[in-house]
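Working notes for the structure below.
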Amino acid sequence: MRKLKKILRIIGITLIGLLITALIFPTWTSSIKGENSISILEQVEINGSKQELMIRGDDKNNPVILFVHGGPGAPEIPYAAAYQDLLETRFTVVHYDQRASGKSYRFFEDYANLSSELLVNDLLALTDHVSERMGKEKIILIGHSYGTYIAAQAAHKAPEKYEAYVGIGQMGDTLTSEMDSLTYLISQAHQAGNAEDVLYLQGLTDKIKKGEMFTPRNYVIRYGGASRLIDSPDGNNLGMLLSSEYNLMDVIRYNVGISFSQKVLLEEVIEHPLPTLVTKLELPCYFIMGDYDYMTSSHAAKEYFDMLGADQKEFIAFDQSAHYPHFEEKEKFFEWVSKTFL
């Protein structure tokens, strides 16, 4: 009995030690060979808030791409390496965890003023920081999903800072997109013979139509409206934990941050959909949409594209993808970016 207690004590101490190690384990981004390469993961202070920044590329002289992640509160740093390896050969690629998101979430920071306007101002300040650091007059701005809500407003406010605006999984009119999503889900559930799902989803129609709720994302993922060629990468706790850029504490920050950010920020996209905020862009504008995207529907994005004023604009459809065309068809995305900006 005494021996068993000793073994259990050793196991307990070991588990506690492993937990503490996982919580505070140092994080980094893998190095890139080459005299003029760059691969950094660091905190920078933006508008009084410390935010995590990752910059990667084979040659610092290459054009700079700044990615704005979606969610709200769903950073892409933990899985960016899986889709941007080709991009890094010809571009310097920048990611950041937005205020109150992922590694940028601070447990004792006051986020009472968190809003899309604040995130837009953060992005503009971060743009200046990146442009100065990399010695670039302009950079390429790419927003993904909710990130398009932030990035499009930044491009509208300060077009002189950017070479172009690219919206992936572009947001359009929120209610149109959500109803497109619901219609798709009901159709897919009916085809699959899932009568319970059909009845449940049909019962949500009035609430979604009135803007009282969003189409349940777990159903969008289940029926292929989020991703087709890959597993949906956002919210993959194990994947985050296994990445070198996140430790266990960062995974906890991610989950707390996404819950808080979505509670605070999603009301805005219903009350103030993007087409009412940005009606014209004074720089080249590109929308890249997966044909099977029902997180932010391609139909709603095309309606927004058609009404958006821009001297140069292009709508690009990826016919094998859903919400992550830059990931699901990364070779095609790399070819398009290279052809467009090099």
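Starting from 1 in every chain, residues are counted up; chains themselves are A, B, ... following the order of the structure tokens, and ligands are numbered from 1 as listed.
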
Discussion item. Using only C-alpha atoms, which protein or nucleic acid residues come within 10 Å of His129 (chain A)? Drop anything in the same chain fewer than 4 positions from it, and give the result as a ChimeraX atom specification.
Written reply: /A:44-46,123-125,133-135

Discussion item. So that I can check the surroundings of region 260-265 of chain A, please list as a list of chain:residue names every protein, DNA and RNA residue that reaches within 9 Å of it, counting only C-alpha atoms and ignoring chain neighbours fewer than 5 positions away.
Written reply: A:Gly71, A:Pro72, A:Gly73, A:Ala100, A:Ser101, A:Leu114, A:Ser115, A:Ser116, A:Asn255

Worksheet item: Looking at A:Thr174, A:Thr279, A:Ser338, A:Gln320, which one is nearest to Glu267 (chain A), with distances taken over only C-alpha atoms?
Response: A:Thr174

Practice prompt. Skip Ala226 (chain A) itself and residues of its chain fewer than 3 positions away, then list as a count of residues only all residues within 9 Å of it, counting only C-alpha atoms.
Written response: 16

Fill in: Picked from region 82-314 of chain A by DSSP as strand (DSSP E), as a VMD selection string
chain A and resid 92 to 96 139 to 144 162 to 168 280 to 281 285 to 290 309 to 310 313 to 314

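The interatomic distance for the pair CA of Gly143 (chain A) and CA of Gly70 (chain A) works out to 7.6 Å.
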
Worksheet item: If we count only C-alpha atoms, what is near Asn36 (chain A) at a cut-off of 10 Å, once residues fewer than 2 positions away on the same chain are taken out, given as number ranges by chain?
Response: A: 32-34, 38, 57-61

Discussion item. Residues near Asp206 (chain A), anyone? I mean within 12 Å using only C-alpha atoms, not counting same-chain ones fewer than 3 positions away, as a PyMOL selection string.
Written reply: chain A and resi 175+178-179+182+201-203+209-215

Please, could you write that set of residues out with N, CA and C atoms as a tab-separated table (two decimals), in the first residue's frame?
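Resulting contents of selection24.tsv:
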```tsv
chain	number	residue	atom	x	y	z
A	175	LEU	N	-27.13	39.13	-43.40
A	175	LEU	CA	-28.36	38.35	-43.40
A	175	LEU	C	-28.51	37.52	-44.68
A	178	GLU	N	-26.21	34.52	-44.23
A	178	GLU	CA	-26.71	33.55	-43.26
A	178	GLU	C	-27.90	32.77	-43.81
A	179	MET	N	-28.76	33.42	-44.56
A	179	MET	CA	-29.89	32.72	-45.16
A	179	MET	C	-29.42	31.77	-46.27
A	182	LEU	N	-28.20	28.76	-44.38
A	182	LEU	CA	-29.29	27.95	-43.84
A	182	LEU	C	-29.98	27.14	-44.95
A	201	LEU	N	-33.14	22.76	-38.30
A	201	LEU	CA	-32.67	23.91	-39.08
A	201	LEU	C	-33.84	24.74	-39.60
A	202	GLN	N	-34.88	24.09	-40.03
A	202	GLN	CA	-36.06	24.84	-40.49
A	202	GLN	C	-36.64	25.68	-39.36
A	203	GLY	N	-36.54	25.18	-38.13
A	203	GLY	CA	-37.06	25.90	-36.98
A	203	GLY	C	-36.27	27.16	-36.64
A	209	LYS	N	-33.48	34.98	-40.07
A	209	LYS	CA	-33.98	36.01	-40.98
A	209	LYS	C	-34.09	37.37	-40.27
A	210	LYS	N	-34.38	37.34	-38.97
A	210	LYS	CA	-34.50	38.58	-38.19
A	210	LYS	C	-33.15	39.05	-37.65
A	211	GLY	N	-32.09	38.30	-37.89
A	211	GLY	CA	-30.78	38.69	-37.38
A	211	GLY	C	-30.58	38.42	-35.91
A	212	GLU	N	-31.38	37.51	-35.36
A	212	GLU	CA	-31.28	37.20	-33.92
A	212	GLU	C	-30.23	36.13	-33.63
A	213	MET	N	-29.78	35.43	-34.65
A	213	MET	CA	-28.76	34.41	-34.46
A	213	MET	C	-28.08	34.11	-35.79
A	214	PHE	N	-26.94	33.45	-35.73
A	214	PHE	CA	-26.22	33.02	-36.92
A	214	PHE	C	-26.54	31.54	-37.18
A	215	THR	N	-26.40	31.15	-38.42
A	215	THR	CA	-26.53	29.74	-38.76
A	215	THR	C	-25.50	28.95	-37.96
```

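Of the residues listed (A:Thr27, A:Thr276, A:Ser131, A:Gln98), A:Thr276 shows the shortest atom-to-atom separation from Tyr304 (chain A); distances use only C-alpha atoms.
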
Fill in: Pick from A:Leu342, A:Ile258, A:Ile252, A:Leu281, whichever lies nearest to Gln153 (chain A) using only C-alpha atoms
A:Leu281

Discussion item. Neighbouring residues of region 79-85 of chain A were defined as those with any atom within 8 Å, considering only C-alpha atoms; residues of the same chain fewer than 4 positions away were excluded. Please report them as a PyMOL selection string.
Written reply: chain A and resi 89+93+233+239-240+243+326-327+330

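For the set A:Phe318, A:His95, A:Leu266, A:Gly169, the residue with the smallest atom-to-atom gap to Leu229 (chain A) is A:Phe318, counting only C-alpha atoms.
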